[in-house]
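**Student:** As input, take protein03.cif (mmCIF, C-alpha atoms):
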data_run
loop_
_atom_site.group_PDB
_atom_site.id
_atom_site.type_symbol
_atom_site.label_atom_id
_atom_site.label_comp_id
_atom_site.auth_asym_id
_atom_site.auth_seq_id
_atom_site.Cartn_x
_atom_site.Cartn_y
_atom_site.Cartn_z
ATOM 1 C CA MET A 1404 -11.521 -29.549 157.059
ATOM 2 C CA HIS A 1405 -8.045 -30.653 156.006
ATOM 3 C CA ASN A 1406 -7.230 -29.777 152.424
ATOM 4 C CA ASP A 1407 -4.126 -30.823 150.533
ATOM 5 C CA LEU A 1408 -2.017 -32.660 153.044
ATOM 6 C CA VAL A 1409 1.322 -34.199 152.107
ATOM 7 C CA ALA A 1410 2.963 -37.315 153.487
ATOM 8 C CA ALA A 1411 6.571 -36.950 154.597
ATOM 9 C CA LEU A 1412 9.213 -39.619 155.157
ATOM 10 C CA ASP A 1413 12.510 -38.947 156.931
ATOM 11 C CA ILE A 1414 14.891 -41.857 156.412
ATOM 12 C CA GLY A 1415 18.090 -42.144 158.404
ATOM 13 C CA GLY A 1416 20.383 -44.779 159.803
ATOM 14 C CA THR A 1417 18.692 -44.764 163.216
ATOM 15 C CA LYS A 1418 15.021 -44.167 162.522
ATOM 16 C CA ILE A 1419 12.426 -44.021 159.765
ATOM 17 C CA ALA A 1420 9.883 -41.321 160.567
ATOM 18 C CA GLY A 1421 6.684 -40.462 158.750
ATOM 19 C CA ALA A 1422 4.080 -37.732 159.070
ATOM 20 C CA LEU A 1423 1.041 -36.131 157.499
ATOM 21 C CA VAL A 1424 1.671 -32.395 157.195
ATOM 22 C CA ASP A 1425 -0.682 -29.552 156.259
ATOM 23 C CA THR A 1426 0.090 -26.482 154.147
ATOM 24 C CA ALA A 1427 0.988 -24.434 157.238
ATOM 25 C CA GLY A 1428 3.654 -26.952 158.266
ATOM 26 C CA ARG A 1429 1.619 -28.484 161.077
ATOM 27 C CA ILE A 1430 2.303 -32.166 161.720
ATOM 28 C CA LEU A 1431 -1.094 -33.836 162.138
ATOM 29 C CA LEU A 1432 -0.009 -37.465 162.470
ATOM 30 C CA ARG A 1433 3.302 -39.182 163.171
ATOM 31 C CA ALA A 1434 4.611 -42.709 162.741
ATOM 32 C CA GLN A 1435 8.085 -44.090 163.408
ATOM 33 C CA ARG A 1436 10.131 -47.296 163.324
ATOM 34 C CA PRO A 1437 13.779 -48.009 164.132
ATOM 35 C CA THR A 1438 15.880 -48.472 160.997
ATOM 36 C CA PRO A 1439 17.039 -52.111 160.726
ATOM 37 C CA ALA A 1440 20.238 -50.705 159.224
ATOM 38 C CA ARG A 1441 22.233 -53.957 159.376
ATOM 39 C CA GLU A 1442 19.515 -56.112 157.809
ATOM 40 C CA ASP A 1443 18.859 -56.915 154.152
ATOM 41 C CA ALA A 1444 17.239 -54.440 151.749
ATOM 42 C CA GLU A 1445 13.714 -55.848 152.002
ATOM 43 C CA THR A 1446 13.762 -55.803 155.815
ATOM 44 C CA VAL A 1447 14.620 -52.105 155.707
ATOM 45 C CA MET A 1448 11.846 -51.504 153.167
ATOM 46 C CA CYS A 1449 9.440 -53.387 155.420
ATOM 47 C CA ALA A 1450 10.018 -50.745 158.124
ATOM 48 C CA VAL A 1451 9.248 -48.010 155.563
ATOM 49 C CA ASP A 1452 6.072 -49.875 154.559
ATOM 50 C CA GLU A 1453 4.986 -50.086 158.208
ATOM 51 C CA VAL A 1454 5.429 -46.337 158.694
ATOM 52 C CA LEU A 1455 3.568 -45.583 155.466
ATOM 53 C CA GLY A 1456 0.896 -48.110 156.427
ATOM 54 C CA GLU A 1457 0.103 -46.152 159.586
ATOM 55 C CA LEU A 1458 -0.302 -42.977 157.543
ATOM 56 C CA VAL A 1459 -2.431 -44.667 154.870
ATOM 57 C CA ALA A 1460 -4.716 -46.121 157.570
ATOM 58 C CA SER A 1461 -5.525 -42.655 158.905
ATOM 59 C CA PRO A 1462 -8.863 -41.020 158.078
ATOM 60 C CA LEU A 1463 -6.760 -38.032 156.961
ATOM 61 C CA TRP A 1464 -5.077 -40.027 154.174
ATOM 62 C CA PRO A 1465 -7.688 -39.207 151.464
ATOM 63 C CA HIS A 1466 -6.576 -35.557 151.701
ATOM 64 C CA THR A 1467 -2.969 -36.527 150.918
ATOM 65 C CA LYS A 1468 -1.817 -35.311 147.502
ATOM 66 C CA ALA A 1469 1.871 -36.251 147.373
ATOM 67 C CA VAL A 1470 4.715 -37.908 149.250
ATOM 68 C CA GLY A 1471 8.050 -36.285 150.028
ATOM 69 C CA ILE A 1472 11.122 -38.255 151.077
ATOM 70 C CA GLY A 1473 14.210 -36.842 152.754
ATOM 71 C CA SER A 1474 16.852 -39.553 152.929
ATOM 72 C CA ALA A 1475 20.378 -39.969 154.183
ATOM 73 C CA GLY A 1476 22.603 -39.938 151.140
ATOM 74 C CA PRO A 1477 23.830 -40.198 148.659
ATOM 75 C CA VAL A 1478 20.511 -40.065 146.840
ATOM 76 C CA ASP A 1479 19.808 -39.874 143.121
ATOM 77 C CA ALA A 1480 16.569 -37.978 142.661
ATOM 78 C CA SER A 1481 16.749 -38.300 138.875
ATOM 79 C CA ALA A 1482 16.831 -42.113 139.146
ATOM 80 C CA GLY A 1483 14.629 -42.288 142.241
ATOM 81 C CA THR A 1484 17.245 -44.309 144.115
ATOM 82 C CA VAL A 1485 19.017 -44.068 147.477
ATOM 83 C CA SER A 1486 22.342 -45.440 148.715
ATOM 84 C CA PRO A 1487 22.618 -44.284 152.349
ATOM 85 C CA VAL A 1488 26.140 -44.733 153.684
ATOM 86 C CA ASN A 1489 24.765 -46.008 157.004
ATOM 87 C CA VAL A 1490 22.288 -48.500 155.453
ATOM 88 C CA PRO A 1491 24.652 -50.869 153.610
ATOM 89 C CA ALA A 1492 21.938 -53.063 152.047
ATOM 90 C CA TRP A 1493 20.497 -50.116 150.135
ATOM 91 C CA ARG A 1494 22.726 -49.409 147.179
ATOM 92 C CA GLY A 1495 20.855 -47.883 144.244
ATOM 93 C CA PHE A 1496 17.655 -48.964 146.022
ATOM 94 C CA PRO A 1497 14.551 -47.924 143.999
ATOM 95 C CA LEU A 1498 12.857 -46.186 146.914
ATOM 96 C CA VAL A 1499 10.721 -43.773 144.881
ATOM 97 C CA ASP A 1500 9.062 -46.588 142.907
ATOM 98 C CA ARG A 1501 8.468 -48.632 146.050
ATOM 99 C CA VAL A 1502 6.954 -45.681 147.941
ATOM 100 C CA ARG A 1503 4.808 -44.711 144.938
ATOM 101 C CA THR A 1504 3.367 -48.230 144.884
ATOM 102 C CA ALA A 1505 2.846 -48.336 148.665
ATOM 103 C CA SER A 1506 1.088 -44.957 148.612
ATOM 104 C CA GLY A 1507 -1.369 -45.940 145.900
ATOM 105 C CA GLY A 1508 0.350 -44.135 143.047
ATOM 106 C CA LEU A 1509 0.755 -40.646 144.534
ATOM 107 C CA PRO A 1510 3.494 -38.362 143.151
ATOM 108 C CA VAL A 1511 6.752 -38.880 145.090
ATOM 109 C CA GLU A 1512 9.581 -36.358 145.493
ATOM 110 C CA LEU A 1513 13.015 -37.429 146.785
ATOM 111 C CA VAL A 1514 15.742 -35.172 148.215
ATOM 112 C CA GLY A 1515 18.831 -35.709 150.331
ATOM 113 C CA ASP A 1516 18.567 -35.018 154.045
ATOM 114 C CA GLY A 1517 20.663 -31.836 153.796
ATOM 115 C CA VAL A 1518 18.326 -30.449 151.141
ATOM 116 C CA ALA A 1519 15.328 -31.480 153.281
ATOM 117 C CA MET A 1520 16.679 -29.597 156.303
ATOM 118 C CA THR A 1521 17.278 -26.594 154.056
ATOM 119 C CA ALA A 1522 13.729 -26.667 152.697
ATOM 120 C CA ALA A 1523 12.397 -26.855 156.272
ATOM 121 C CA GLU A 1524 14.505 -23.926 157.483
ATOM 122 C CA HIS A 1525 13.482 -21.833 154.470
ATOM 123 C CA TRP A 1526 9.799 -22.638 154.911
ATOM 124 C CA LEU A 1527 9.447 -22.358 158.692
ATOM 125 C CA GLY A 1528 12.846 -21.740 160.277
ATOM 126 C CA ALA A 1529 15.832 -19.415 160.467
ATOM 127 C CA ALA A 1530 16.164 -18.968 156.680
ATOM 128 C CA ARG A 1531 12.532 -17.870 156.298
ATOM 129 C CA GLY A 1532 12.378 -14.611 154.318
ATOM 130 C CA TYR A 1533 15.851 -15.057 152.789
ATOM 131 C CA ASP A 1534 16.046 -15.676 149.033
ATOM 132 C CA ASP A 1535 19.652 -16.915 149.154
ATOM 133 C CA ALA A 1536 20.809 -19.172 151.981
ATOM 134 C CA LEU A 1537 23.073 -22.030 152.937
ATOM 135 C CA CYS A 1538 21.777 -24.442 155.566
ATOM 136 C CA MET A 1539 24.101 -26.956 157.190
ATOM 137 C CA VAL A 1540 23.727 -30.035 159.359
ATOM 138 C CA VAL A 1541 26.821 -30.473 161.533
ATOM 139 C CA SER A 1542 26.550 -33.799 163.300
ATOM 140 C CA THR A 1543 28.168 -37.228 162.820
ATOM 141 C CA GLY A 1544 28.777 -35.936 159.312
ATOM 142 C CA VAL A 1545 28.414 -32.523 157.718
ATOM 143 C CA GLY A 1546 25.701 -31.999 155.113
ATOM 144 C CA GLY A 1547 23.821 -29.067 153.709
ATOM 145 C CA GLY A 1548 21.689 -27.477 151.049
ATOM 146 C CA LEU A 1549 21.115 -24.220 149.217
ATOM 147 C CA VAL A 1550 18.267 -21.778 148.701
ATOM 148 C CA LEU A 1551 18.879 -19.712 145.551
ATOM 149 C CA GLY A 1552 16.529 -17.122 144.114
ATOM 150 C CA GLY A 1553 13.900 -17.886 146.734
ATOM 151 C CA ARG A 1554 13.703 -21.642 146.156
ATOM 152 C CA PRO A 1555 15.566 -24.670 147.494
ATOM 153 C CA HIS A 1556 18.137 -25.764 144.919
ATOM 154 C CA PRO A 1557 18.499 -29.555 145.128
ATOM 155 C CA GLY A 1558 20.426 -29.927 141.861
ATOM 156 C CA PRO A 1559 19.888 -32.731 139.327
ATOM 157 C CA THR A 1560 20.380 -35.621 141.770
ATOM 158 C CA GLY A 1561 19.126 -33.941 144.970
ATOM 159 C CA ASN A 1562 22.548 -33.476 146.574
ATOM 160 C CA ALA A 1563 23.467 -29.853 145.773
ATOM 161 C CA GLY A 1564 24.933 -27.893 148.674
ATOM 162 C CA HIS A 1565 26.751 -30.875 150.199
ATOM 163 C CA ILE A 1566 29.199 -28.562 151.931
ATOM 164 C CA GLY A 1567 30.764 -31.301 154.053
ATOM 165 C CA HIS A 1568 32.870 -32.337 151.097
ATOM 166 C CA ILE A 1569 34.298 -28.987 150.138
ATOM 167 C CA SER A 1570 38.049 -29.174 150.757
ATOM 168 C CA VAL A 1571 39.294 -26.488 153.141
ATOM 169 C CA ASP A 1572 42.746 -28.003 153.791
ATOM 170 C CA LEU A 1573 44.634 -29.010 150.642
ATOM 171 C CA ASP A 1574 47.132 -31.139 152.580
ATOM 172 C CA GLY A 1575 44.655 -32.313 155.185
ATOM 173 C CA GLU A 1576 43.521 -35.761 156.232
ATOM 174 C CA LYS A 1577 42.176 -38.189 153.680
ATOM 175 C CA CYS A 1578 38.376 -38.300 153.835
ATOM 176 C CA PRO A 1579 36.345 -41.514 153.373
ATOM 177 C CA CYS A 1580 34.754 -39.784 150.356
ATOM 178 C CA GLY A 1581 38.151 -39.965 148.626
ATOM 179 C CA GLY A 1582 38.942 -36.271 148.955
ATOM 180 C CA ARG A 1583 41.408 -34.591 151.273
ATOM 181 C CA GLY A 1584 40.895 -31.944 153.959
ATOM 182 C CA CYS A 1585 37.096 -31.970 153.705
ATOM 183 C CA VAL A 1586 35.022 -29.829 156.072
ATOM 184 C CA GLU A 1587 33.539 -33.037 157.500
ATOM 185 C CA ARG A 1588 36.987 -34.306 158.551
ATOM 186 C CA ILE A 1589 37.489 -31.173 160.649
ATOM 187 C CA ALA A 1590 34.067 -29.975 161.808
ATOM 188 C CA SER A 1591 31.960 -33.107 162.403
ATOM 189 C CA GLY A 1592 31.261 -34.146 165.977
ATOM 190 C CA PRO A 1593 33.545 -37.208 165.886
ATOM 191 C CA SER A 1594 36.330 -35.122 164.300
ATOM 192 C CA ILE A 1595 36.083 -32.465 167.030
ATOM 193 C CA ALA A 1596 36.265 -35.153 169.737
ATOM 194 C CA ARG A 1597 39.108 -37.076 168.050
ATOM 195 C CA ARG A 1598 41.190 -33.909 167.656
ATOM 196 C CA ALA A 1599 40.668 -32.909 171.298
ATOM 197 C CA LEU A 1600 41.704 -36.380 172.497
ATOM 198 C CA ASP A 1601 44.767 -36.369 170.213
ATOM 199 C CA LYS A 1602 45.846 -33.016 171.706
ATOM 200 C CA GLY A 1603 45.559 -34.247 175.271
ATOM 201 C CA TRP A 1604 41.991 -33.477 176.375
ATOM 202 C CA ARG A 1605 40.583 -36.082 178.734
ATOM 203 C CA PRO A 1606 36.924 -36.656 179.621
ATOM 204 C CA GLY A 1607 35.527 -36.464 183.132
ATOM 205 C CA ARG A 1608 34.759 -39.420 185.368
ATOM 206 C CA ASP A 1609 31.850 -40.484 183.166
ATOM 207 C CA GLY A 1610 34.328 -41.248 180.360
ATOM 208 C CA ASP A 1611 32.156 -39.427 177.798
ATOM 209 C CA THR A 1612 34.323 -38.645 174.765
ATOM 210 C CA SER A 1613 31.565 -37.167 172.582
ATOM 211 C CA ALA A 1614 31.684 -33.734 170.963
ATOM 212 C CA ALA A 1615 29.026 -32.645 173.487
ATOM 213 C CA SER A 1616 31.446 -33.510 176.285
ATOM 214 C CA VAL A 1617 34.206 -31.531 174.523
ATOM 215 C CA ALA A 1618 31.747 -28.620 174.192
ATOM 216 C CA ALA A 1619 31.021 -28.710 177.936
ATOM 217 C CA ALA A 1620 34.765 -28.681 178.641
ATOM 218 C CA ALA A 1621 35.233 -25.779 176.221
ATOM 219 C CA ALA A 1622 32.429 -23.839 177.915
ATOM 220 C CA ALA A 1623 34.273 -24.395 181.210
ATOM 221 C CA GLY A 1624 37.434 -22.961 179.684
ATOM 222 C CA ASP A 1625 39.496 -26.057 178.853
ATOM 223 C CA PRO A 1626 42.017 -24.685 176.313
ATOM 224 C CA VAL A 1627 42.376 -27.920 174.303
ATOM 225 C CA ALA A 1628 38.590 -28.271 173.982
ATOM 226 C CA VAL A 1629 38.303 -24.598 173.030
ATOM 227 C CA ALA A 1630 40.991 -25.049 170.354
ATOM 228 C CA SER A 1631 39.228 -28.076 168.828
ATOM 229 C CA PHE A 1632 35.984 -26.106 168.439
ATOM 230 C CA GLU A 1633 37.895 -23.116 167.066
ATOM 231 C CA ARG A 1634 39.435 -25.362 164.397
ATOM 232 C CA ALA A 1635 35.973 -26.687 163.482
ATOM 233 C CA ALA A 1636 34.626 -23.126 163.356
ATOM 234 C CA GLN A 1637 37.493 -22.089 161.076
ATOM 235 C CA ALA A 1638 36.703 -24.926 158.647
ATOM 236 C CA LEU A 1639 33.006 -24.037 158.615
ATOM 237 C CA ALA A 1640 33.799 -20.343 158.103
ATOM 238 C CA ALA A 1641 36.118 -21.072 155.174
ATOM 239 C CA ALA A 1642 33.437 -23.199 153.511
ATOM 240 C CA ILE A 1643 30.655 -20.660 154.144
ATOM 241 C CA ALA A 1644 32.822 -17.880 152.695
ATOM 242 C CA ALA A 1645 33.559 -20.010 149.618
ATOM 243 C CA VAL A 1646 29.848 -20.655 149.027
ATOM 244 C CA ALA A 1647 29.085 -16.962 149.533
ATOM 245 C CA ALA A 1648 31.699 -15.989 146.946
ATOM 246 C CA LEU A 1649 30.142 -18.421 144.450
ATOM 247 C CA VAL A 1650 26.424 -17.744 144.872
ATOM 248 C CA GLU A 1651 26.039 -14.722 147.196
ATOM 249 C CA ILE A 1652 24.188 -16.302 150.103
ATOM 250 C CA ARG A 1653 22.966 -13.838 152.756
ATOM 251 C CA ILE A 1654 22.558 -16.269 155.666
ATOM 252 C CA ALA A 1655 24.173 -19.482 156.871
ATOM 253 C CA VAL A 1656 21.961 -21.605 159.118
ATOM 254 C CA ILE A 1657 23.669 -24.246 161.247
ATOM 255 C CA GLY A 1658 21.784 -27.217 162.682
ATOM 256 C CA GLY A 1659 22.651 -30.692 163.918
ATOM 257 C CA GLY A 1660 24.069 -31.903 167.213
ATOM 258 C CA VAL A 1661 27.296 -29.882 167.047
ATOM 259 C CA ALA A 1662 25.275 -26.645 166.755
ATOM 260 C CA GLY A 1663 23.954 -27.521 170.215
ATOM 261 C CA ALA A 1664 27.334 -26.353 171.538
ATOM 262 C CA GLY A 1665 25.948 -22.816 171.201
ATOM 263 C CA ASP A 1666 28.425 -19.986 171.806
ATOM 264 C CA VAL A 1667 31.322 -22.456 171.982
ATOM 265 C CA LEU A 1668 30.813 -22.901 168.226
ATOM 266 C CA PHE A 1669 29.039 -19.738 167.089
ATOM 267 C CA ILE A 1670 31.370 -17.134 168.640
ATOM 268 C CA PRO A 1671 34.556 -18.473 166.968
ATOM 269 C CA LEU A 1672 32.554 -19.194 163.781
ATOM 270 C CA ARG A 1673 31.401 -15.579 163.456
ATOM 271 C CA ARG A 1674 34.911 -14.372 164.268
ATOM 272 C CA ALA A 1675 36.511 -16.650 161.651
ATOM 273 C CA LEU A 1676 33.890 -15.715 159.069
ATOM 274 C CA HIS A 1677 34.859 -12.079 159.531
ATOM 275 C CA ASP A 1678 38.406 -13.114 158.521
ATOM 276 C CA TYR A 1679 37.402 -15.220 155.493
ATOM 277 C CA ALA A 1680 34.359 -13.387 154.059
ATOM 278 C CA THR A 1681 36.143 -10.161 153.180
ATOM 279 C CA LEU A 1682 34.889 -9.258 149.689
ATOM 280 C CA SER A 1683 32.316 -6.469 149.707
ATOM 281 C CA PHE A 1684 29.488 -8.680 148.453
ATOM 282 C CA VAL A 1685 30.021 -11.431 151.035
ATOM 283 C CA GLN A 1686 30.477 -9.262 154.111
ATOM 284 C CA GLY A 1687 27.694 -9.236 156.650
ATOM 285 C CA ILE A 1688 26.549 -12.832 156.199
ATOM 286 C CA VAL A 1689 24.120 -13.684 159.005
ATOM 287 C CA VAL A 1690 24.994 -16.856 160.940
ATOM 288 C CA ALA A 1691 22.055 -18.364 162.820
ATOM 289 C CA PRO A 1692 21.205 -21.625 164.588
ATOM 290 C CA ALA A 1693 18.560 -23.787 162.937
ATOM 291 C CA ARG A 1694 15.030 -23.638 164.367
ATOM 292 C CA THR A 1695 13.170 -26.676 163.036
ATOM 293 C CA GLY A 1696 15.091 -29.151 165.208
ATOM 294 C CA ARG A 1697 14.224 -32.830 165.094
ATOM 295 C CA ASP A 1698 11.337 -32.223 162.712
ATOM 296 C CA ALA A 1699 13.564 -30.673 160.033
ATOM 297 C CA GLY A 1700 13.669 -33.882 157.984
ATOM 298 C CA LEU A 1701 9.904 -34.367 158.007
ATOM 299 C CA LEU A 1702 9.073 -30.710 157.356
ATOM 300 C CA GLY A 1703 11.666 -30.542 154.576
ATOM 301 C CA ALA A 1704 10.329 -33.690 152.951
ATOM 302 C CA ALA A 1705 6.848 -32.165 153.134
ATOM 303 C CA ALA A 1706 8.127 -28.955 151.554
ATOM 304 C CA ALA A 1707 9.765 -30.962 148.779
ATOM 305 C CA ALA A 1708 6.527 -32.860 148.154
ATOM 306 C CA THR A 1709 4.754 -29.802 146.870
ATOM 307 C CA ALA A 1710 6.220 -26.881 144.962
ATOM 308 C CA ALA A 1711 3.908 -24.620 146.948
ATOM 309 C CA GLY A 1712 5.204 -25.880 150.282
ATOM 310 C CA PRO A 1713 8.181 -23.589 150.937
ATOM 311 C CA ASP A 1714 6.443 -20.562 149.426
ATOM 312 C CA ARG A 1715 3.264 -20.688 151.457
ATOM 313 C CA PRO A 1716 2.819 -18.123 154.200
ATOM 314 C CA LYS A 1717 2.888 -19.524 157.696
ATOM 315 C CA GLY A 1718 -0.598 -20.472 158.787
#
Output the file's structure as structure tokens, nothing else.
**Tutor:**
Amino acid sequence: MHNDLVAALDIGGTKIAGALVDTAGRILLRAQRPTPAREDAETVMCAVDEVLGELVASPLWPHTKAVGIGSAGPVDASAGTVSPVNVPAWRGFPLVDRVRTASGGLPVELVGDGVAMTAAEHWLGAARGYDDALCMVVSTGVGGGLVLGGRPHPGPTGNAGHIGHISVDLDGEKCPCGGRGCVERIASGPSIARRALDKGWRPGRDGDTSAASVAAAAAAGDPVAVASFERAAQALAAAIAAVAALVEIRIAVIGGGVAGAGDVLFIPLRRALHDYATLSFVQGIVVAPARTGRDAGLLGAAAAATAAGPDRPKG
């Protein structure tokens, strides 16, 4: 017998994923469509409707009590709207109202994708058991979210903890957000690769200039590749230390594609954090890789859909 399921939607620039999730965090049904990111607003919404339609058609749907949405941002949870940078047709798009209608009037909770990943890691991942945590997604961009006092802290609009746009270099590069020297301009995958190329690193015969290729070169000892990851690690450490000084987090969880570099990132990150997090109450911050992987968005949306979600024991 399935009691109290929630529907979860994970909306990004590449795919729109949906799932029915139980109170133990088990995914019982999945649906997915590619995001028609370059199309008009209604075409994008049509893909969301198709994903939701598959969930609604399931015999499990009558047990569904709420819908959670984790979306690429910015989002405005208070207004129920989304404006994903990588979906240009959606600007102030009333996603919560549209999903509420498509789901037959169920309660709908919206959070940014960084907050969703954080809720997932706190519920079922590396931040489980920690009352105060920072979780980060280091990928094409850098996002994040906070757990404070034992609960995810989305903030009024659902964007709190967006660590990618903390400035860690006052005279650094201009960021598309309008700021200067943002973490994202130093630590994102494209930034790591661009910096390595600018300093003279060259890819192998396959011509792969991704951050993963730089990570492989760094693991093999290429000094330019190593230096680019060390610079990214320094930026992340400075930001983590700043957050720790503000709100006394005990753990920083790092997910996203760049975290896949493993020791190439985590060894210099822990070393740099030792240099930056020097006050007595911020020493000893645990740094851990994320555990919920590709399902972080869905599990986090599910956690957001019910206040009980993140606090339930693992089933």
**Student:** Between A:Ala1450, A:Val1550, A:Val1545, A:Ala1623, which is the closest to Gly1592 of chain A once you count only C-alpha atoms?
**Tutor:**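 That would be A:Val1545, the residue with the smallest distance to Gly1592 of chain A.
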**Student:** Under the rule that only C-alpha atoms are counted, which of A:Ala1492, A:Cys1580, A:Ala1693, A:Met1520 is the nearest residue to Asp1413 of chain A?
**Tutor:**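 Closest to Asp1413 of chain A, using only C-alpha atoms: A:Met1520.
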**Student:** Need to verify the contact set: segment 1679-1681 of chain A, 10 Å, all atoms listed in the file, exclusion of same-chain residues closer than 5 positions in sequence. Can you return it as a list in words?
**Tutor:**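 Close residues of segment 1679-1681 of chain A: Gln1637, Ala1640, Ala1641, Ala1642, Ile1643, Ala1644, Ala1645, Val1646, Ala1647, Ala1648, Arg1673, Arg1674, Gln1686, Gly1687 and Ile1688 of chain A.
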**Student:** Which neighbours of Gly1456 of chain A fall inside 10 Å, counting all atoms listed in the file, when residues of the same chain fewer than 5 positions from it are skipped, and could you give them as a list in words?
**Tutor:**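 Here the qualifying residues turn out to be Gly1421, Ala1434, Ala1450, Val1451, Ser1461, Ala1505 and Ser1506 of chain A.
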**Student:** May I have a table of the residues of segment 1498-1594 of chain A lying at most 12 Å from segment 1408-1412 of chain A, giving each one's closest pair of atoms and their distance in Å to one decimal, counting only C-alpha atoms, ordered by chain and ascending residue number, as CSV?
**Tutor:**
residue,atom,partner,partner_atom,distance
A:Leu1498,CA,A:Leu1412,CA,11.2
A:Val1499,CA,A:Leu1412,CA,11.2
A:Val1502,CA,A:Leu1412,CA,9.7
A:Arg1503,CA,A:Ala1410,CA,11.5
A:Ser1506,CA,A:Ala1410,CA,9.3
A:Leu1509,CA,A:Ala1410,CA,9.8
A:Pro1510,CA,A:Val1409,CA,10.1
A:Val1511,CA,A:Ala1410,CA,9.3
A:Glu1512,CA,A:Ala1411,CA,9.6
A:Leu1513,CA,A:Leu1412,CA,9.5
A:Val1514,CA,A:Leu1412,CA,10.5
A:Gly1515,CA,A:Leu1412,CA,11.4
A:Asp1516,CA,A:Leu1412,CA,10.5
A:Ala1519,CA,A:Leu1412,CA,10.4
A:Ala1523,CA,A:Ala1411,CA,11.8
